[in-house]
Amino acid sequence: MELLNLLFFSYQDLEESLRMKLNLTKVVNGCRLGKIKSLGKTGDRTMDIPACLLYTKTGCAPHLTHQTLHTIHGLPAMAQLTLSSLAEHHEVLAEYKEGIGKFIGMPESLLYCSLHDPVSPCPAGYVTNKSVSVWGLGGRVEMTASKFMAIQQALQPDWFQCLSDGEASFEEATSIRRARKSVDRSLLFLDNCLRLQEESEVLQKSTIIGVIEGGDVMEERLRSARETAKRPVGGFLLDGFQGNPATLETRLYLLSSVTAELPEDKPRLICGVSRPDEVLECIERGVDLFESFFPYQVTERGCALTFSFDYQPNPEETLLQQNGTQEEIKYVAHAKKIKTTSYNQEMTSFEINLKEKKYQEDFDPLVRGCSCYCCKNHTRAYIHHLLVTNELLAGVLLMMHNFEHYFGFFHSIREALKSDRLAQLKELIRRQAS
Amino acid sequence: MAAAVSPTSLESAPRIMRLVAECSRSRARAGELRLPHGPVATPVFMPVGTQATMKGITAEQLDALGCRICLGNTYHLGLRPGPELIQKAHGLHGFMNWPHNLLTDSGGFQMVSLVSLSEVTEEGVRFRSPYDGDETLLSPEKSVEIQNALGSDIIMQLDDVVSSTVTGPRVEEAMYRSIRWLDRCIAAHRRPDKQNLFAIIQGGLDADLRATCLEEMTKRDVPGFAIGGLSGGESKGQFWRMVALSTSRLPKDKPRYLMGVGYATDLVVCVALGCDMFDCVFPTRTARFGSALVPTGNLQLKKQQYEKDFLPIDSDCACPTCQKHSRAFLHALLHSDNTAALHHLTVHNIAYQLQLMSAMRASIVEKRFPDFVRDFMGTMYGDPTLCPTWATEALASVGITLS
């Protein structure tokens, strides 16, 4: 009993030291609009929610240098790093001493470190009671709680996902026993990591994000939420809801129940969910922060995001766009499987495939009215040419457009929430999802 | 070896080159080209953007590096996307949205690089397309027609190119044919007021053949001359002698474009020998293999030794890559699958080349070019005795000694 009292006492200390504050402006149909304040090492950064995080590979936006990245309007305040791409550089970073932000040339950005890369799923079967493994390009990196925290000490991100067991959600039907184990293990990892954080001044400058596990078993999900919420974490990651569109649908009912158990004043992140329609479903169920890997996947298949998020267009534009959208939807009616470098992904109806012959002489920008560098300077015909000739610039220009378009979508979500028009936006997106 | 007296130009030939300064010892010159899309300071290095793109870097990035002229390739663009489409897109400038100058090669070099797919006759070069097996005939007229559609500021004649390692009658045949093809290009050129057609001196490694070619081609009314057929597999000793011979016989008031040269040492020596313009895929290609150019040579950044090297590629380099990133970060990124690694190095290597030319130009203008050369060689090779023999000889031939 005394041990428990001691634990709670030191947790209180840690809680107080968490300076960041989430202020909700309003909640509409389960959707949260708000601001997170006092973020970052200097405690003076803010972030609006709902929002997405900038997706990176080995600490760099895909295809983009600092120069090209910063031509993008609406860049998220926080970037996502993946431990899977950085763990193998642990020694270098430890010697560097000044943290991953400075190392990657993003000293001014807020940084969140997730365990895995949402685009390349890792092989199952490597989580034990004592360790979790991540998979980098150099192979597997196995981490106990101490090794994990040592790596985070070298990285010094603003937030990081705690070591967790996410494998209960890998199978089609989780056994209760496996779901229970995922929750037990994750809580044990969390308590160990919190203890290690207490012993390190450096680590105390970072915020631990607690991970909600439990597979598809409601009981375990609720237990995970309640228990994790008792710990002094800075926010919550909802793990195990990713998969194909069908799996998310069946898991959405779990999501609302889980977020209902979580404190209102801490952010909720979700991993593996990035499609526009799925994003909206999750926001309606109390999720605040998302990864932005979807625009990257679109880029890798030579496609450009063209879906509209203009929920209050002027009548002339509506007519023009409707005619355009009509065409796109008809043409894309047969969903094509396009091979990508990392993952077989089906093209969605949110995008157009620039490799198609019909774009060869199309001198319009990717999206009329888009203010990105690509749309302001180049045509569909040029992008088509770059793709056909396998030129590197295709990826650069498409990534610039797709990120900007996607960030614009999130901006429109916040605007729609502000003006109570989310239903219109949702309907608009629903119409465009095939 | 005393320089031969340069021939004066024909009165009616367009003068696009303005000489700003000349080295009093060597043949080095600083100048300015007046081209339809703006002035270009010489000596100049022109990065190669073969297929209407500078390999992963945007037009804005290239402009920000100070590049004012780059290359496109007629053979490649003629196949994909084709001249008709480019014309619809308002020329190559419009298609790739490049506001500054463009130079297009005629497709002649592909005769050598794609020799297994080509056949040369008096008519032109017959190519078999590697993409669909279709046959195309690239004649002098066709090449100029395509280049007219592309709208580049400088266009090159179609020349009969043989590899510099070829000897025998083929070399002489190619040289004379190049003269005939030059005349056919001049006759076919529809836009001499908007596009500057350059001749290309051939003749292989034979001094007599080169001299003949120089004599004949300089009689033609063209705004500039290129020195072709070099920078293949020939020895450097033969290479520099052909360059020196060419510059000694080319008119002083017209630009001299040495094709396919891009290694730093070669650039310095050939500027000393009197060349004004250069192009090469080397800096951009080597970037994509993880190699960064520096005044002492190059850094193979993928190597283990850079894993914990927290310095930038070059502490004196002002390029965006060196301003923001360390060798260690680039090393890590090069070992990932993020293409941004390649772009970082491409930006740096282009910056390196342009900065080298800029420094050379300043030294010519400020009358200290020979000192510049000595400093450059000292940094690159350490001891003057470690400088490659051919370079020492070439520089000596124009009055620059290294020790």
# chains A, B, ... in the order shown; residues from 1 in each chain; ligands from 1

$ residues_around --residues "B:Arg288" --least-positions-apart "5" --cutoff "8 Å" --atoms "only C-alpha atoms" --output "VMD selection string"
chain B and resid 342 to 343 345 to 346

$ write_last_selection --atoms "all heavy atoms" --output "PDB file, in the first residue's frame"
ATOM      1  N   LEU B 342      19.705  12.488 -52.346  1.00  0.00           N
ATOM      2  CA  LEU B 342      20.303  12.774 -53.653  1.00  0.00           C
ATOM      3  C   LEU B 342      20.155  14.242 -54.008  1.00  0.00           C
ATOM      4  O   LEU B 342      21.060  14.847 -54.580  1.00  0.00           O
ATOM      5  CB  LEU B 342      19.625  11.920 -54.730  1.00  0.00           C
ATOM      6  CG  LEU B 342      19.467  10.438 -54.414  1.00  0.00           C
ATOM      7  CD1 LEU B 342      18.735   9.735 -55.544  1.00  0.00           C
ATOM      8  CD2 LEU B 342      20.811   9.788 -54.172  1.00  0.00           C
ATOM      9  N   HIS B 343      18.992  14.795 -53.677  1.00  0.00           N
ATOM     10  CA  HIS B 343      18.749  16.186 -54.039  1.00  0.00           C
ATOM     11  C   HIS B 343      19.662  17.124 -53.267  1.00  0.00           C
ATOM     12  O   HIS B 343      20.153  18.118 -53.813  1.00  0.00           O
ATOM     13  CB  HIS B 343      17.280  16.558 -53.809  1.00  0.00           C
ATOM     14  CG  HIS B 343      16.329  15.577 -54.433  1.00  0.00           C
ATOM     15  ND1 HIS B 343      16.599  14.951 -55.626  1.00  0.00           N
ATOM     16  CD2 HIS B 343      15.133  15.112 -54.018  1.00  0.00           C
ATOM     17  CE1 HIS B 343      15.595  14.123 -55.921  1.00  0.00           C
ATOM     18  NE2 HIS B 343      14.697  14.208 -54.961  1.00  0.00           N
ATOM     19  N   LEU B 345      22.658  16.537 -52.358  1.00  0.00           N
ATOM     20  CA  LEU B 345      23.988  16.493 -52.966  1.00  0.00           C
ATOM     21  C   LEU B 345      24.015  17.138 -54.348  1.00  0.00           C
ATOM     22  O   LEU B 345      24.996  17.765 -54.731  1.00  0.00           O
ATOM     23  CB  LEU B 345      24.494  15.046 -53.054  1.00  0.00           C
ATOM     24  CG  LEU B 345      24.815  14.381 -51.718  1.00  0.00           C
ATOM     25  CD1 LEU B 345      25.621  13.123 -51.933  1.00  0.00           C
ATOM     26  CD2 LEU B 345      25.576  15.302 -50.795  1.00  0.00           C
ATOM     27  N   THR B 346      22.924  16.983 -55.093  1.00  0.00           N
ATOM     28  CA  THR B 346      22.847  17.616 -56.408  1.00  0.00           C
ATOM     29  C   THR B 346      22.951  19.127 -56.254  1.00  0.00           C
ATOM     30  O   THR B 346      23.698  19.785 -56.984  1.00  0.00           O
ATOM     31  CB  THR B 346      21.535  17.231 -57.122  1.00  0.00           C
ATOM     32  OG1 THR B 346      21.457  15.807 -57.236  1.00  0.00           O
ATOM     33  CG2 THR B 346      21.462  17.850 -58.502  1.00  0.00           C
TER      34      THR B 346
END

$ select_by_dssp --residues "stretch 30-196 of chain B" --states "strand (DSSP E or B)" --output "PyMOL selection string"
chain B and resi 30-35+38-42+44-48+54+57+69-73+101-105+118-120+125-128+135-138+154-156+196

$ write_last_selection --atoms "C-alpha atoms" --output "CSV table (one decimal), in the first residue's frame"
chain,number,residue,atom,x,y,z
B,30,ALA,CA,36.3,36.6,-68.8
B,31,GLY,CA,33.3,37.6,-70.7
B,32,GLU,CA,29.5,38.0,-71.0
B,33,LEU,CA,27.2,36.2,-73.4
B,34,ARG,CA,24.2,38.2,-74.6
B,35,LEU,CA,21.5,35.7,-75.1
B,38,GLY,CA,19.4,37.1,-70.4
B,39,PRO,CA,23.2,37.6,-70.0
B,40,VAL,CA,25.5,34.8,-68.9
B,41,ALA,CA,28.9,35.5,-67.3
B,42,THR,CA,31.8,33.4,-68.7
B,44,VAL,CA,30.5,29.2,-67.4
B,45,PHE,CA,29.6,25.7,-66.4
B,46,MET,CA,26.3,24.5,-67.7
B,47,PRO,CA,24.5,21.7,-65.7
B,48,VAL,CA,22.9,19.1,-67.8
B,54,MET,CA,17.6,19.0,-63.6
B,57,ILE,CA,15.9,19.9,-58.3
B,69,ILE,CA,22.0,28.5,-68.6
B,70,CYS,CA,21.6,24.7,-68.7
B,71,LEU,CA,21.3,21.9,-71.2
B,72,GLY,CA,18.5,19.9,-72.7
B,73,ASN,CA,19.0,17.0,-75.1
B,101,ASN,CA,18.8,30.3,-71.1
B,102,LEU,CA,18.8,26.8,-72.6
B,103,LEU,CA,21.3,25.1,-74.8
B,104,THR,CA,20.3,22.0,-76.7
B,105,ASP,CA,22.7,19.4,-78.0
B,118,SER,CA,22.5,3.8,-84.5
B,119,GLU,CA,23.7,3.8,-88.1
B,120,VAL,CA,25.4,6.8,-89.8
B,125,VAL,CA,21.8,9.1,-88.2
B,126,ARG,CA,19.3,6.3,-88.1
B,127,PHE,CA,18.3,5.4,-84.6
B,128,ARG,CA,16.3,2.5,-83.3
B,135,GLU,CA,13.3,3.8,-86.3
B,136,THR,CA,13.9,7.5,-86.6
B,137,LEU,CA,16.3,9.3,-88.9
B,138,LEU,CA,18.0,12.3,-87.3
B,154,ILE,CA,21.8,28.1,-78.3
B,155,ILE,CA,21.4,25.2,-80.7
B,156,MET,CA,24.1,22.8,-81.8
B,196,ASN,CA,22.2,30.9,-81.9

$ residues_around --residues "B:Asp266" --least-positions-apart "6" --cutoff "12 Å" --atoms "only C-alpha atoms" --output "list in words"
Phe45, Ser231, Lys236, Gly237, Phe239, Trp240, Val243, Leu258, Met259, Gly260, Ala272, Leu273, Cys275, Phe278, Asp279, Cys280, Gln353, Leu356, Met357, Val373, Phe376, Met377, Cys387, Pro388, Trp390, Ala391, Thr392, Ala394 and Leu395 of chain B

$ interface_residues --of "chain B" --to "chain A" --cutoff "6 Å" --atoms "only C-alpha atoms" --output "MDAnalysis selection string"
chainID B and resid 55:56 308 324 338:340

$ write_last_selection --atoms "N, CA, C and O atoms" --output "mmCIF file, in the first residue's frame"
data_model
loop_
_atom_site.group_PDB
_atom_site.id
_atom_site.type_symbol
_atom_site.label_atom_id
_atom_site.label_comp_id
_atom_site.auth_asym_id
_atom_site.auth_seq_id
_atom_site.Cartn_x
_atom_site.Cartn_y
_atom_site.Cartn_z
ATOM 1 N N LYS B 55 17.221 16.746 -62.858
ATOM 2 C CA LYS B 55 17.353 15.578 -61.989
ATOM 3 C C LYS B 55 16.997 15.802 -60.516
ATOM 4 O O LYS B 55 17.821 15.682 -59.637
ATOM 5 N N GLY B 56 15.772 16.140 -60.249
ATOM 6 C CA GLY B 56 15.337 16.193 -58.860
ATOM 7 C C GLY B 56 15.410 17.552 -58.203
ATOM 8 O O GLY B 56 14.987 17.690 -57.059
ATOM 9 N N LYS B 308 29.933 9.874 -38.188
ATOM 10 C CA LYS B 308 29.868 10.787 -37.038
ATOM 11 C C LYS B 308 30.588 12.105 -37.319
ATOM 12 O O LYS B 308 31.075 12.768 -36.409
ATOM 13 N N LYS B 324 22.660 23.977 -43.862
ATOM 14 C CA LYS B 324 21.715 23.321 -42.949
ATOM 15 C C LYS B 324 22.163 21.961 -42.423
ATOM 16 O O LYS B 324 21.705 21.536 -41.376
ATOM 17 N N ASN B 338 15.013 7.622 -48.785
ATOM 18 C CA ASN B 338 14.455 8.935 -49.041
ATOM 19 C C ASN B 338 15.291 9.628 -50.121
ATOM 20 O O ASN B 338 16.475 9.889 -49.910
ATOM 21 N N THR B 339 14.682 9.926 -51.268
ATOM 22 C CA THR B 339 15.441 10.502 -52.382
ATOM 23 C C THR B 339 15.995 11.892 -52.064
ATOM 24 O O THR B 339 16.852 12.403 -52.792
ATOM 25 N N ALA B 340 15.476 12.504 -50.987
ATOM 26 C CA ALA B 340 15.963 13.835 -50.612
ATOM 27 C C ALA B 340 17.478 13.852 -50.464
ATOM 28 O O ALA B 340 18.127 14.868 -50.708
#

$ closest_residue --among "A:Thr247, A:Ser308, A:Gln156, A:Gln297" --to "A:Gln197" --atoms "only C-alpha atoms"
A:Gln156

$ closest_residue --among "B:Leu77, B:Arg210, B:Ile146, B:Phe198" --to "B:Pro255" --atoms "only C-alpha atoms"
B:Phe198

$ residues_around --residues "A:Ala51" --least-positions-apart "3" --cutoff "7 Å" --atoms "only C-alpha atoms" --output "NGL selection string"
:A and (48 or 288-290 or 410)

$ closest_residue --among "A:Gly101, A:Gly139, A:Gly43, A:Gly240" --to "A:Ser169" --atoms "only C-alpha atoms"
A:Gly240

$ closest_residue --among "A:Gly74, A:Pro276, A:Gly286, A:Pro123" --to "A:Glu351" --atoms "only C-alpha atoms"
A:Pro276

$ residues_around --residues "B:Asn148" --least-positions-apart "6" --cutoff "10 Å" --atoms "only C-alpha atoms" --output "list in words"
Pro83, Gln87, Gly91, Lys142, Ile155, Ala188, His189, Arg190, Arg191, Pro192, Lys194 and Gln195 of chain B

$ select_by_dssp --residues "stretch 59-284 of chain A" --states "alpha helix (DSSP H)" --output "number ranges by chain"
A: 66-69, 83-86, 90-96, 100-103, 145-155, 176-198, 218-230, 245-260, 276-283

$ residues_around --residues "B:Ala362" --least-positions-apart "4" --cutoff "12 Å" --atoms "only C-alpha atoms" --output "list in words"
Val20, Ala21, Glu22, Cys23, Ala28, Arg29, Ala30, Gly31, Ala41, Thr42, Pro43, Gln355, Leu356, Met357, Ser358, Glu366, Lys367, Arg368, Phe369, Asp371 and Phe372 of chain B

$ write_last_selection --atoms "N, CA, C and O atoms" --output "PDB file, in the first residue's frame"
ATOM      1  N   VAL B  20      35.349  40.856 -71.330  1.00  0.00           N
ATOM      2  CA  VAL B  20      35.474  41.793 -70.225  1.00  0.00           C
ATOM      3  C   VAL B  20      36.922  41.895 -69.758  1.00  0.00           C
ATOM      4  O   VAL B  20      37.399  42.970 -69.373  1.00  0.00           O
ATOM      5  N   ALA B  21      37.628  40.748 -69.785  1.00  0.00           N
ATOM      6  CA  ALA B  21      39.030  40.758 -69.354  1.00  0.00           C
ATOM      7  C   ALA B  21      39.756  39.581 -69.962  1.00  0.00           C
ATOM      8  O   ALA B  21      39.140  38.559 -70.295  1.00  0.00           O
ATOM      9  N   GLU B  22      41.050  39.730 -70.118  1.00  0.00           N
ATOM     10  CA  GLU B  22      41.868  38.630 -70.606  1.00  0.00           C
ATOM     11  C   GLU B  22      43.102  38.487 -69.740  1.00  0.00           C
ATOM     12  O   GLU B  22      43.689  39.486 -69.319  1.00  0.00           O
ATOM     13  N   CYS B  23      43.486  37.253 -69.495  1.00  0.00           N
ATOM     14  CA  CYS B  23      44.702  37.006 -68.715  1.00  0.00           C
ATOM     15  C   CYS B  23      45.897  37.370 -69.584  1.00  0.00           C
ATOM     16  O   CYS B  23      45.958  37.017 -70.763  1.00  0.00           O
ATOM     17  N   ALA B  28      43.267  32.609 -70.854  1.00  0.00           N
ATOM     18  CA  ALA B  28      41.999  32.709 -70.135  1.00  0.00           C
ATOM     19  C   ALA B  28      41.296  34.025 -70.404  1.00  0.00           C
ATOM     20  O   ALA B  28      41.941  35.068 -70.494  1.00  0.00           O
ATOM     21  N   ARG B  29      39.975  33.964 -70.540  1.00  0.00           N
ATOM     22  CA  ARG B  29      39.180  35.151 -70.787  1.00  0.00           C
ATOM     23  C   ARG B  29      37.977  35.171 -69.865  1.00  0.00           C
ATOM     24  O   ARG B  29      37.413  34.129 -69.542  1.00  0.00           O
ATOM     25  N   ALA B  30      37.568  36.376 -69.493  1.00  0.00           N
ATOM     26  CA  ALA B  30      36.295  36.552 -68.791  1.00  0.00           C
ATOM     27  C   ALA B  30      35.402  37.346 -69.722  1.00  0.00           C
ATOM     28  O   ALA B  30      35.856  38.264 -70.393  1.00  0.00           O
ATOM     29  N   GLY B  31      34.131  36.942 -69.788  1.00  0.00           N
ATOM     30  CA  GLY B  31      33.262  37.640 -70.734  1.00  0.00           C
ATOM     31  C   GLY B  31      31.820  37.598 -70.323  1.00  0.00           C
ATOM     32  O   GLY B  31      31.472  37.209 -69.198  1.00  0.00           O
ATOM     33  N   ALA B  41      27.503  35.184 -67.577  1.00  0.00           N
ATOM     34  CA  ALA B  41      28.916  35.485 -67.343  1.00  0.00           C
ATOM     35  C   ALA B  41      29.751  34.275 -67.735  1.00  0.00           C
ATOM     36  O   ALA B  41      29.388  33.138 -67.443  1.00  0.00           O
ATOM     37  N   THR B  42      30.888  34.515 -68.380  1.00  0.00           N
ATOM     38  CA  THR B  42      31.790  33.410 -68.733  1.00  0.00           C
ATOM     39  C   THR B  42      33.152  33.647 -68.082  1.00  0.00           C
ATOM     40  O   THR B  42      33.508  34.807 -67.829  1.00  0.00           O
ATOM     41  N   PRO B  43      33.935  32.587 -67.813  1.00  0.00           N
ATOM     42  CA  PRO B  43      33.642  31.197 -68.178  1.00  0.00           C
ATOM     43  C   PRO B  43      32.442  30.645 -67.380  1.00  0.00           C
ATOM     44  O   PRO B  43      32.220  31.031 -66.244  1.00  0.00           O
ATOM     45  N   GLN B 355      30.359  27.956 -58.298  1.00  0.00           N
ATOM     46  CA  GLN B 355      31.225  28.764 -57.447  1.00  0.00           C
ATOM     47  C   GLN B 355      32.665  28.728 -57.991  1.00  0.00           C
ATOM     48  O   GLN B 355      33.367  29.739 -57.992  1.00  0.00           O
ATOM     49  N   LEU B 356      33.083  27.570 -58.478  1.00  0.00           N
ATOM     50  CA  LEU B 356      34.428  27.444 -59.057  1.00  0.00           C
ATOM     51  C   LEU B 356      34.578  28.369 -60.268  1.00  0.00           C
ATOM     52  O   LEU B 356      35.571  29.105 -60.395  1.00  0.00           O
ATOM     53  N   MET B 357      33.577  28.356 -61.144  1.00  0.00           N
ATOM     54  CA  MET B 357      33.643  29.202 -62.340  1.00  0.00           C
ATOM     55  C   MET B 357      33.645  30.676 -61.954  1.00  0.00           C
ATOM     56  O   MET B 357      34.367  31.485 -62.527  1.00  0.00           O
ATOM     57  N   SER B 358      32.822  30.997 -60.984  1.00  0.00           N
ATOM     58  CA  SER B 358      32.715  32.370 -60.509  1.00  0.00           C
ATOM     59  C   SER B 358      34.045  32.857 -59.941  1.00  0.00           C
ATOM     60  O   SER B 358      34.482  33.988 -60.217  1.00  0.00           O
ATOM     61  N   GLU B 366      40.409  40.319 -62.062  1.00  0.00           N
ATOM     62  CA  GLU B 366      41.315  41.011 -61.134  1.00  0.00           C
ATOM     63  C   GLU B 366      42.772  40.733 -61.427  1.00  0.00           C
ATOM     64  O   GLU B 366      43.645  41.002 -60.603  1.00  0.00           O
ATOM     65  N   LYS B 367      43.039  40.176 -62.608  1.00  0.00           N
ATOM     66  CA  LYS B 367      44.394  39.984 -63.101  1.00  0.00           C
ATOM     67  C   LYS B 367      45.249  39.104 -62.188  1.00  0.00           C
ATOM     68  O   LYS B 367      46.439  39.342 -62.005  1.00  0.00           O
ATOM     69  N   ARG B 368      44.675  38.099 -61.603  1.00  0.00           N
ATOM     70  CA  ARG B 368      45.449  37.179 -60.765  1.00  0.00           C
ATOM     71  C   ARG B 368      45.121  35.711 -61.053  1.00  0.00           C
ATOM     72  O   ARG B 368      45.170  34.847 -60.175  1.00  0.00           O
ATOM     73  N   PHE B 369      44.769  35.452 -62.291  1.00  0.00           N
ATOM     74  CA  PHE B 369      44.382  34.099 -62.678  1.00  0.00           C
ATOM     75  C   PHE B 369      45.499  33.074 -62.443  1.00  0.00           C
ATOM     76  O   PHE B 369      45.251  32.010 -61.898  1.00  0.00           O
ATOM     77  N   ASP B 371      47.803  32.981 -60.230  1.00  0.00           N
ATOM     78  CA  ASP B 371      47.833  32.686 -58.792  1.00  0.00           C
ATOM     79  C   ASP B 371      46.659  31.808 -58.391  1.00  0.00           C
ATOM     80  O   ASP B 371      46.802  30.889 -57.575  1.00  0.00           O
ATOM     81  N   PHE B 372      45.515  32.105 -58.973  1.00  0.00           N
ATOM     82  CA  PHE B 372      44.326  31.283 -58.683  1.00  0.00           C
ATOM     83  C   PHE B 372      44.603  29.832 -59.044  1.00  0.00           C
ATOM     84  O   PHE B 372      44.295  28.909 -58.300  1.00  0.00           O
TER      85      PHE B 372
END

$ residues_around --residues "B:Ala59" --least-positions-apart "4" --cutoff "9 Å" --atoms "only C-alpha atoms" --output "ChimeraX atom specification"
/B:53-54,63-64,96-99
